[in-house]
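Participant: Below is final_38.pdb; it holds PDB, C-alpha atoms.
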```
ATOM      1  CA  MET F 870      44.765  69.578 -73.429
ATOM      2  CA  ALA F 871      43.323  66.122 -74.121
ATOM      3  CA  ARG F 872      46.311  64.556 -72.399
ATOM      4  CA  GLU F 873      45.598  66.678 -69.262
ATOM      5  CA  GLN F 874      41.976  65.522 -69.114
ATOM      6  CA  GLY F 875      42.907  61.852 -69.455
ATOM      7  CA  PRO F 876      44.598  61.416 -66.060
ATOM      8  CA  ALA F 877      41.926  63.479 -64.350
ATOM      9  CA  ALA F 878      39.208  61.310 -65.802
ATOM     10  CA  ASP F 879      41.060  58.173 -64.741
ATOM     11  CA  TYR F 880      41.466  59.581 -61.261
ATOM     12  CA  ALA F 881      37.786  60.450 -61.013
ATOM     13  CA  ARG F 882      36.834  57.000 -62.262
ATOM     14  CA  SER F 883      39.128  55.397 -59.717
ATOM     15  CA  LEU F 884      37.556  57.461 -56.963
ATOM     16  CA  ARG F 885      34.090  56.357 -58.025
ATOM     17  CA  GLU F 886      35.151  52.725 -58.116
ATOM     18  CA  PHE F 887      36.742  53.053 -54.686
ATOM     19  CA  ARG F 888      33.587  54.689 -53.347
ATOM     20  CA  ASP F 889      31.416  51.961 -54.853
ATOM     21  CA  THR F 890      33.685  49.293 -53.388
ATOM     22  CA  CYS F 891      33.520  50.932 -49.955
ATOM     23  CA  GLN F 892      29.736  51.181 -50.151
ATOM     24  CA  ALA F 893      29.439  47.529 -51.198
ATOM     25  CA  ALA F 894      31.745  46.479 -48.374
ATOM     26  CA  GLU F 895      29.772  48.585 -45.913
ATOM     27  CA  ALA F 896      26.524  47.021 -47.158
ATOM     28  CA  GLU F 897      27.993  43.546 -46.711
ATOM     29  CA  VAL F 898      29.130  44.441 -43.198
ATOM     30  CA  ASP F 899      25.661  45.782 -42.369
ATOM     31  CA  ALA F 900      24.029  42.633 -43.753
ATOM     32  CA  ALA F 901      26.403  40.413 -41.794
ATOM     33  CA  THR F 902      25.757  42.455 -38.647
ATOM     34  CA  ARG F 903      21.997  42.167 -39.084
ATOM     35  CA  ALA F 904      22.275  38.420 -39.716
ATOM     36  CA  TYR F 905      24.432  38.017 -36.621
ATOM     37  CA  ARG F 906      21.983  39.986 -34.491
ATOM     38  CA  ASP F 907      19.007  38.042 -35.844
ATOM     39  CA  GLU F 908      20.749  34.743 -35.183
ATOM     40  CA  ALA F 909      21.797  35.876 -31.715
ATOM     41  CA  ASP F 910      18.218  36.941 -30.928
ATOM     42  CA  ALA F 911      16.882  33.600 -32.176
ATOM     43  CA  LEU F 912      19.425  31.707 -30.079
ATOM     44  CA  GLU F 913      18.506  33.790 -27.051
ATOM     45  CA  VAL F 914      14.808  33.010 -27.553
ATOM     46  CA  GLU F 915      15.572  29.304 -27.948
ATOM     47  CA  ALA F 916      17.737  29.371 -24.832
ATOM     48  CA  GLU F 917      14.962  31.046 -22.825
ATOM     49  CA  GLU F 918      12.435  28.495 -24.092
ATOM     50  CA  ALA F 919      14.795  25.633 -23.218
ATOM     51  CA  ILE F 920      15.294  27.039 -19.718
ATOM     52  CA  ALA F 921      11.525  27.402 -19.301
ATOM     53  CA  ARG F 922      10.978  23.814 -20.465
ATOM     54  CA  ALA F 923      13.655  22.571 -18.088
ATOM     55  CA  LYS F 924      12.050  24.416 -15.171
ATOM     56  CA  THR F 925       8.637  23.030 -16.124
ATOM     57  CA  ALA F 926      10.050  19.508 -16.339
ATOM     58  CA  ASP F 927      11.703  19.868 -12.930
ATOM     59  CA  ARG F 928       8.473  21.163 -11.412
ATOM     60  CA  GLN F 929       6.440  18.355 -12.971
ATOM     61  CA  ALA F 930       8.963  15.781 -11.782
ATOM     62  CA  ALA F 931       8.753  17.126  -8.236
ATOM     63  CA  GLU F 932       4.944  17.132  -8.365
ATOM     64  CA  ALA F 933       4.934  13.586  -9.745
ATOM     65  CA  ALA F 934       7.224  12.410  -6.963
ATOM     66  CA  GLU F 935       4.983  14.009  -4.339
ATOM     67  CA  LEU F 936       1.947  12.462  -6.015
ATOM     68  CA  LEU F 937       3.541   9.021  -5.858
ATOM     69  CA  VAL F 938       4.196   9.365  -2.154
ATOM     70  CA  GLU F 939       0.654  10.626  -1.517
ATOM     71  CA  SER F 940      -0.795   7.823  -3.632
ATOM     72  CA  ASP F 941       1.167   5.215  -1.726
ATOM     73  CA  ARG F 942      -0.034   6.625   1.577
ATOM     74  CA  ALA F 943      -3.594   6.607   0.232
ATOM     75  CA  VAL F 944      -3.188   2.925  -0.622
ATOM     76  CA  VAL F 945      -2.160   2.192   2.956
ATOM     77  CA  VAL F 946      -5.247   4.012   4.254
ATOM     78  CA  LEU F 947      -7.535   2.169   1.833
ATOM     79  CA  TRP F 948      -5.945  -1.139   2.730
ATOM     80  CA  ARG F 949      -6.548  -0.508   6.421
ATOM     81  CA  ARG F 950     -10.154   0.433   5.707
ATOM     82  CA  LEU F 951     -10.499  -2.846   3.876
ATOM     83  CA  ALA F 952      -9.108  -4.676   6.901
ATOM     84  CA  ASP F 953     -11.595  -2.839   9.125
ATOM     85  CA  LEU F 954     -14.401  -3.772   6.745
ATOM     86  CA  VAL F 955     -13.433  -7.434   6.729
ATOM     87  CA  GLY F 956     -12.824  -7.551  10.452
ATOM     88  CA  PRO F 957      -9.801  -8.242  12.656
ATOM     89  CA  ARG F 958     -10.106 -11.995  12.195
ATOM     90  CA  ARG F 959      -9.591 -11.708   8.445
ATOM     91  CA  ALA F 960      -7.210  -8.746   8.441
ATOM     92  CA  GLY F 961      -4.206 -11.035   8.675
ATOM     93  CA  SER F 962      -4.961 -12.376   5.191
ATOM     94  CA  ILE F 963      -4.547  -8.924   3.644
ATOM     95  CA  ALA F 964      -0.999  -7.685   3.146
ATOM     96  CA  VAL F 965      -0.540  -3.980   3.872
ATOM     97  CA  PRO F 966       1.710  -2.391   1.209
ATOM     98  CA  VAL F 967       4.967  -0.728   2.212
ATOM     99  CA  ARG F 968       5.025   3.045   2.074
ATOM    100  CA  VAL F 969       7.223   4.650  -0.560
ATOM    101  CA  GLU F 970       8.979   7.709   0.849
ATOM    102  CA  SER F 971      11.583   8.287  -1.887
ATOM    103  CA  HIS F 972      11.317   9.876  -5.325
ATOM    104  CA  ASP F 973      12.420   6.600  -6.927
ATOM    105  CA  ALA F 974       8.912   5.130  -6.652
ATOM    106  CA  ASP F 975       7.602   3.009  -9.494
ATOM    107  CA  ALA F 976       4.467   4.723 -10.805
ATOM    108  CA  ASP F 977       3.135   1.543 -12.429
ATOM    109  CA  GLU F 978       3.514  -0.373  -9.178
ATOM    110  CA  VAL F 979       1.637   2.305  -7.244
ATOM    111  CA  ARG F 980      -1.164   2.392  -9.811
ATOM    112  CA  GLN F 981      -1.392  -1.397  -9.737
ATOM    113  CA  ARG F 982      -1.709  -1.432  -5.949
ATOM    114  CA  ILE F 983      -4.382   1.271  -6.085
ATOM    115  CA  ARG F 984      -6.380  -0.684  -8.673
ATOM    116  CA  ARG F 985      -6.021  -3.861  -6.623
ATOM    117  CA  CYS F 986      -7.164  -2.052  -3.502
ATOM    118  CA  GLU F 987     -10.200  -0.599  -5.276
ATOM    119  CA  GLN F 988     -11.109  -4.056  -6.573
ATOM    120  CA  LEU F 989     -10.831  -5.587  -3.113
ATOM    121  CA  LEU F 990     -12.945  -2.824  -1.597
ATOM    122  CA  GLN F 991     -15.621  -3.361  -4.220
ATOM    123  CA  LEU F 992     -15.525  -7.109  -3.626
ATOM    124  CA  ALA F 993     -15.786  -6.495   0.103
ATOM    125  CA  ARG F 994     -18.858  -4.312  -0.407
ATOM    126  CA  ASP F 995     -20.392  -7.052  -2.563
ATOM    127  CA  GLY F 996     -19.465  -9.774  -0.078
ATOM    128  CA  GLU F 997     -17.191 -11.511  -2.590
ATOM    129  CA  LEU F 998     -13.676 -11.219  -1.212
ATOM    130  CA  PRO F 999     -11.248 -13.781  -2.699
ATOM    131  CA  LEU F1000     -10.648 -15.312   0.730
ATOM    132  CA  GLU F1001     -11.465 -18.722   2.087
ATOM    133  CA  PRO F1002     -14.514 -18.838   4.394
ATOM    134  CA  PRO F1003     -13.845 -19.615   8.074
ATOM    135  CA  ARG F1004     -13.558 -23.204   9.230
ATOM    136  CA  HIS F1005     -16.871 -23.214  11.065
ATOM    137  CA  THR F1006     -18.738 -22.434   7.833
ATOM    138  CA  TYR F1007     -19.624 -26.125   7.398
ATOM    139  CA  ALA F1008     -21.160 -26.207  10.866
ATOM    140  CA  MET F1009     -23.146 -23.087  10.049
ATOM    141  CA  ALA F1010     -24.205 -24.658   6.733
ATOM    142  CA  VAL F1011     -25.613 -27.661   8.626
ATOM    143  CA  ALA F1012     -27.302 -25.349  11.129
ATOM    144  CA  PHE F1013     -28.940 -23.193   8.456
ATOM    145  CA  GLY F1014     -30.021 -26.257   6.491
ATOM    146  CA  ALA F1015     -31.509 -27.916   9.572
ATOM    147  CA  PHE F1016     -33.240 -24.722  10.678
ATOM    148  CA  THR F1017     -34.879 -24.084   7.307
ATOM    149  CA  ALA F1018     -35.834 -27.772   7.019
ATOM    150  CA  PHE F1019     -37.512 -27.622  10.424
ATOM    151  CA  LEU F1020     -39.440 -24.494   9.459
ATOM    152  CA  SER F1021     -40.466 -25.913   6.084
ATOM    153  CA  VAL F1022     -41.749 -29.193   7.557
ATOM    154  CA  LEU F1023     -43.529 -27.343  10.347
ATOM    155  CA  GLY F1024     -45.125 -25.008   7.821
ATOM    156  CA  ALA F1025     -46.214 -27.947   5.667
ATOM    157  CA  LYS F1026     -47.739 -29.647   8.713
ATOM    158  CA  LEU F1027     -49.741 -26.530   9.549
ATOM    159  CA  LEU F1028     -50.982 -26.289   5.969
ATOM    160  CA  LEU F1029     -51.996 -29.962   5.847
ATOM    161  CA  ASN F1030     -53.837 -30.048   9.177
ATOM    162  CA  GLY F1031     -57.529 -30.656   8.810
ATOM    163  CA  ASP F1032     -59.204 -30.888   5.443
ATOM    164  CA  ALA F1033     -56.474 -29.572   3.157
ATOM    165  CA  GLY F1034     -57.560 -28.754  -0.340
ATOM    166  CA  THR F1035     -55.555 -29.064  -3.523
ATOM    167  CA  GLY F1036     -54.199 -25.543  -3.187
ATOM    168  CA  GLN F1037     -53.009 -26.129   0.362
ATOM    169  CA  GLN F1038     -51.367 -29.391  -0.628
ATOM    170  CA  ALA F1039     -49.525 -27.668  -3.476
ATOM    171  CA  LEU F1040     -48.453 -24.863  -1.153
ATOM    172  CA  ALA F1041     -47.257 -27.412   1.411
ATOM    173  CA  THR F1042     -45.153 -29.117  -1.273
ATOM    174  CA  VAL F1043     -43.611 -25.795  -2.294
ATOM    175  CA  THR F1044     -42.929 -25.020   1.362
ATOM    176  CA  MET F1045     -41.210 -28.364   1.851
ATOM    177  CA  PHE F1046     -38.873 -28.032  -1.104
ATOM    178  CA  GLY F1047     -38.356 -24.336  -0.467
ATOM    179  CA  GLY F1048     -36.405 -25.276   2.629
ATOM    180  CA  LEU F1049     -33.718 -26.767   0.397
ATOM    181  CA  ILE F1050     -33.194 -23.364  -1.253
ATOM    182  CA  VAL F1051     -33.609 -21.038   1.698
ATOM    183  CA  GLY F1052     -30.856 -22.728   3.734
ATOM    184  CA  PRO F1053     -28.029 -21.967   1.252
ATOM    185  CA  ALA F1054     -29.455 -18.473   0.773
ATOM    186  CA  PHE F1055     -29.240 -17.837   4.526
ATOM    187  CA  LEU F1056     -25.701 -19.226   4.519
ATOM    188  CA  GLN F1057     -24.632 -16.909   1.699
ATOM    189  CA  THR F1058     -26.215 -13.894   3.390
ATOM    190  CA  TRP F1059     -24.491 -14.700   6.673
ATOM    191  CA  LEU F1060     -21.071 -15.131   5.036
ATOM    192  CA  ALA F1061     -21.404 -11.899   3.045
ATOM    193  CA  TRP F1062     -22.483  -9.931   6.116
ATOM    194  CA  GLN F1063     -20.111 -11.471   8.635
ATOM    195  CA  HIS F1064     -16.998 -12.301   6.597
ATOM    196  CA  ARG F1065     -17.431 -10.573   3.204
ATOM    197  CA  VAL F1066     -16.910 -13.821   1.288
ATOM    198  CA  LYS F1067     -19.032 -16.109  -0.881
ATOM    199  CA  ALA F1068     -20.136 -19.602   0.020
ATOM    200  CA  ARG F1069     -18.252 -22.326  -1.822
ATOM    201  CA  PRO F1070     -20.084 -25.160  -3.649
ATOM    202  CA  PRO F1071     -19.163 -27.812  -1.021
ATOM    203  CA  GLN F1072     -20.638 -25.631   1.722
ATOM    204  CA  ILE F1073     -23.824 -25.046  -0.268
ATOM    205  CA  LEU F1074     -24.083 -28.790  -0.875
ATOM    206  CA  THR F1075     -23.600 -29.426   2.852
ATOM    207  CA  SER F1076     -26.490 -27.101   3.656
ATOM    208  CA  VAL F1077     -28.744 -28.785   1.076
ATOM    209  CA  VAL F1078     -27.874 -32.295   2.292
ATOM    210  CA  ALA F1079     -28.446 -31.336   5.929
ATOM    211  CA  ALA F1080     -31.803 -29.812   5.043
ATOM    212  CA  GLY F1081     -32.797 -32.855   2.994
ATOM    213  CA  VAL F1082     -31.863 -35.363   5.697
ATOM    214  CA  LEU F1083     -33.647 -33.496   8.478
ATOM    215  CA  MET F1084     -36.614 -32.894   6.202
ATOM    216  CA  CYS F1085     -36.970 -36.623   5.575
ATOM    217  CA  VAL F1086     -36.705 -37.455   9.274
ATOM    218  CA  MET F1087     -39.184 -34.784  10.346
ATOM    219  CA  SER F1088     -41.566 -35.702   7.547
ATOM    220  CA  VAL F1089     -41.715 -39.251   8.874
ATOM    221  CA  LEU F1090     -42.218 -38.045  12.442
ATOM    222  CA  LEU F1091     -44.575 -35.100  11.929
ATOM    223  CA  LEU F1092     -46.397 -35.746   8.677
ATOM    224  CA  ARG F1093     -47.122 -39.440   9.166
ATOM    225  CA  GLY F1094     -50.806 -40.110   8.904
ATOM    226  CA  ILE F1095     -51.691 -36.689   7.475
TER
END
```
In structure tokens, how does this file's structure come out?
Facilitator:
Amino acid sequence: MAREQGPAADYARSLREFRDTCQAAEAEVDAATRAYRDEADALEVEAEEAIARAKTADRQAAEAAELLVESDRAVVVLWRRLADLVGPRRAGSIAVPVRVESHDADADEVRQRIRRCEQLLQLARDGELPLEPPRHTYAMAVAFGAFTAFLSVLGAKLLLNGDAGTGQQALATVTMFGGLIVGPAFLQTWLAWQHRVKARPPQILTSVVAAGVLMCVMSVLLLRGI
């Protein structure tokens, strides 16, 4: 009887072991399946994110290329406005940049031209363009110096006519020497308004010398005996 139960018990134990082995294998298969699905889902999410980033990069690249072209066209417009501000006689000294119509534009070059254009426009508004004054500036310097010298000597003569007191004499002296300063100031104002440039030191000196010479001559002629 004991011998009959022995094989049955072994058989039952073998069945249990087989069942446990099948369950363990099934659990491993389920775990592997879940891991595969999780990894596949993660890869799908990463792929979608990569596609979205690529589309965003393409869109930004296209927008940047369009912006470069628009910026370059804006530079041309600003440059032409600068030429209009300076005047047709000085426009030849300002190089108009070439338009960039392709997507291979250099962004740094465009930004540099825009900054340069803004600087030139600001200088033009301030009357300080980095351009040489016209050739007839020296003649105008002499004219302004002579004109202010004439007015200063004439004003001094009017102040000294009759019994001039100490105050009138001091005012006449200030009027005389004021002509040396007003001439270069008129010259600078004229250059800034007419040509958007600053007077150079030799031109200022020319105006002062012209005013001084004419002032001396007119003082001898008009103020003699006063």
Participant: On this structure, the PyMOL selection byres ((chain F and resi 1023) around 10) would catch which residues? List them as an mmCIF file with C-alpha atoms, in the frame of the given file, sorted by chain and number.
Facilitator:
```cif
data_model
loop_
_atom_site.group_PDB
_atom_site.id
_atom_site.type_symbol
_atom_site.label_atom_id
_atom_site.label_comp_id
_atom_site.auth_asym_id
_atom_site.auth_seq_id
_atom_site.Cartn_x
_atom_site.Cartn_y
_atom_site.Cartn_z
ATOM 1 C CA THR F 1017 -34.879 -24.084 7.307
ATOM 2 C CA ALA F 1018 -35.834 -27.772 7.019
ATOM 3 C CA PHE F 1019 -37.512 -27.622 10.424
ATOM 4 C CA LEU F 1020 -39.440 -24.494 9.459
ATOM 5 C CA SER F 1021 -40.466 -25.913 6.084
ATOM 6 C CA VAL F 1022 -41.749 -29.193 7.557
ATOM 7 C CA GLY F 1024 -45.125 -25.008 7.821
ATOM 8 C CA ALA F 1025 -46.214 -27.947 5.667
ATOM 9 C CA LYS F 1026 -47.739 -29.647 8.713
ATOM 10 C CA LEU F 1027 -49.741 -26.530 9.549
ATOM 11 C CA LEU F 1028 -50.982 -26.289 5.969
ATOM 12 C CA LEU F 1029 -51.996 -29.962 5.847
ATOM 13 C CA ALA F 1041 -47.257 -27.412 1.411
ATOM 14 C CA THR F 1044 -42.929 -25.020 1.362
ATOM 15 C CA MET F 1045 -41.210 -28.364 1.851
ATOM 16 C CA MET F 1084 -36.614 -32.894 6.202
ATOM 17 C CA MET F 1087 -39.184 -34.784 10.346
ATOM 18 C CA SER F 1088 -41.566 -35.702 7.547
ATOM 19 C CA LEU F 1091 -44.575 -35.100 11.929
ATOM 20 C CA LEU F 1092 -46.397 -35.746 8.677
#
```
Participant: I want to know what sits within 9 Å of stretch 1005-1015 of chain F, based on all atoms listed in the file, with residues of the same chain fewer than 4 positions away left out; could you give that as a list in words?
Facilitator: Phe1019, Leu1020, Gly1048, Leu1049, Ile1050, Val1051, Gly1052, Pro1053, Phe1055, Leu1056, Leu1060, Ala1068, Pro1071, Gln1072, Ile1073, Leu1074, Thr1075, Ser1076, Val1077, Val1078, Ala1079, Ala1080, Gly1081, Val1082, Leu1083 and Met1084 of chain F
Participant: For the residues selected in the previous step, produce a file with C-alpha atoms as an mmCIF file, keeping the file's coordinate frame.
Facilitator:
```cif
data_model
loop_
_atom_site.group_PDB
_atom_site.id
_atom_site.type_symbol
_atom_site.label_atom_id
_atom_site.label_comp_id
_atom_site.auth_asym_id
_atom_site.auth_seq_id
_atom_site.Cartn_x
_atom_site.Cartn_y
_atom_site.Cartn_z
ATOM 1 C CA PHE F 1019 -37.512 -27.622 10.424
ATOM 2 C CA LEU F 1020 -39.440 -24.494 9.459
ATOM 3 C CA GLY F 1048 -36.405 -25.276 2.629
ATOM 4 C CA LEU F 1049 -33.718 -26.767 0.397
ATOM 5 C CA ILE F 1050 -33.194 -23.364 -1.253
ATOM 6 C CA VAL F 1051 -33.609 -21.038 1.698
ATOM 7 C CA GLY F 1052 -30.856 -22.728 3.734
ATOM 8 C CA PRO F 1053 -28.029 -21.967 1.252
ATOM 9 C CA PHE F 1055 -29.240 -17.837 4.526
ATOM 10 C CA LEU F 1056 -25.701 -19.226 4.519
ATOM 11 C CA LEU F 1060 -21.071 -15.131 5.036
ATOM 12 C CA ALA F 1068 -20.136 -19.602 0.020
ATOM 13 C CA PRO F 1071 -19.163 -27.812 -1.021
ATOM 14 C CA GLN F 1072 -20.638 -25.631 1.722
ATOM 15 C CA ILE F 1073 -23.824 -25.046 -0.268
ATOM 16 C CA LEU F 1074 -24.083 -28.790 -0.875
ATOM 17 C CA THR F 1075 -23.600 -29.426 2.852
ATOM 18 C CA SER F 1076 -26.490 -27.101 3.656
ATOM 19 C CA VAL F 1077 -28.744 -28.785 1.076
ATOM 20 C CA VAL F 1078 -27.874 -32.295 2.292
ATOM 21 C CA ALA F 1079 -28.446 -31.336 5.929
ATOM 22 C CA ALA F 1080 -31.803 -29.812 5.043
ATOM 23 C CA GLY F 1081 -32.797 -32.855 2.994
ATOM 24 C CA VAL F 1082 -31.863 -35.363 5.697
ATOM 25 C CA LEU F 1083 -33.647 -33.496 8.478
ATOM 26 C CA MET F 1084 -36.614 -32.894 6.202
#
```
Participant: Provide the atom CA of F:Leu1090 to atom CA of F:Phe1016 distance in Å, to one decimal place.
Facilitator: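 Separation between atom CA of F:Leu1090 and atom CA of F:Phe1016: 16.2 Å.
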Participant: For F:Arg1069, which of F:Cys1085, F:Cys891, F:Gly1047, F:Pro1003 is the closest residue, counting only C-alpha atoms?
Facilitator: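 Closest to F:Arg1069 of all the choices is F:Pro1003.
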Participant: How many Å lie between atom CA of F:Ser940 and atom CA of F:Ala923, rounded to one decimal?
Facilitator: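 Rounded to one decimal, the two atoms are 25.2 Å apart.
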Participant: Counting all atoms listed in the file, which residue out of F:Gln981, F:Thr925, F:Thr1042, F:Ser883 sits closest to F:Val944?
Facilitator: F:Gln981
Participant: At what distance in Å, to one decimal, does atom CA of F:Leu992 lie from atom CA of F:Leu947?
Facilitator: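 Between atom CA of F:Leu947 and atom CA of F:Leu992 the gap works out to 13.4 Å.
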Participant: Select, from F:Ala919, F:Ala931, F:Cys986, F:Ala911, the residue with the minimum atom-to-atom distance to F:Ala943, counting all atoms listed in the file.
Facilitator: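 Comparing F:Ala919, F:Ala931, F:Cys986, F:Ala911 against F:Ala943, the winner is F:Cys986.
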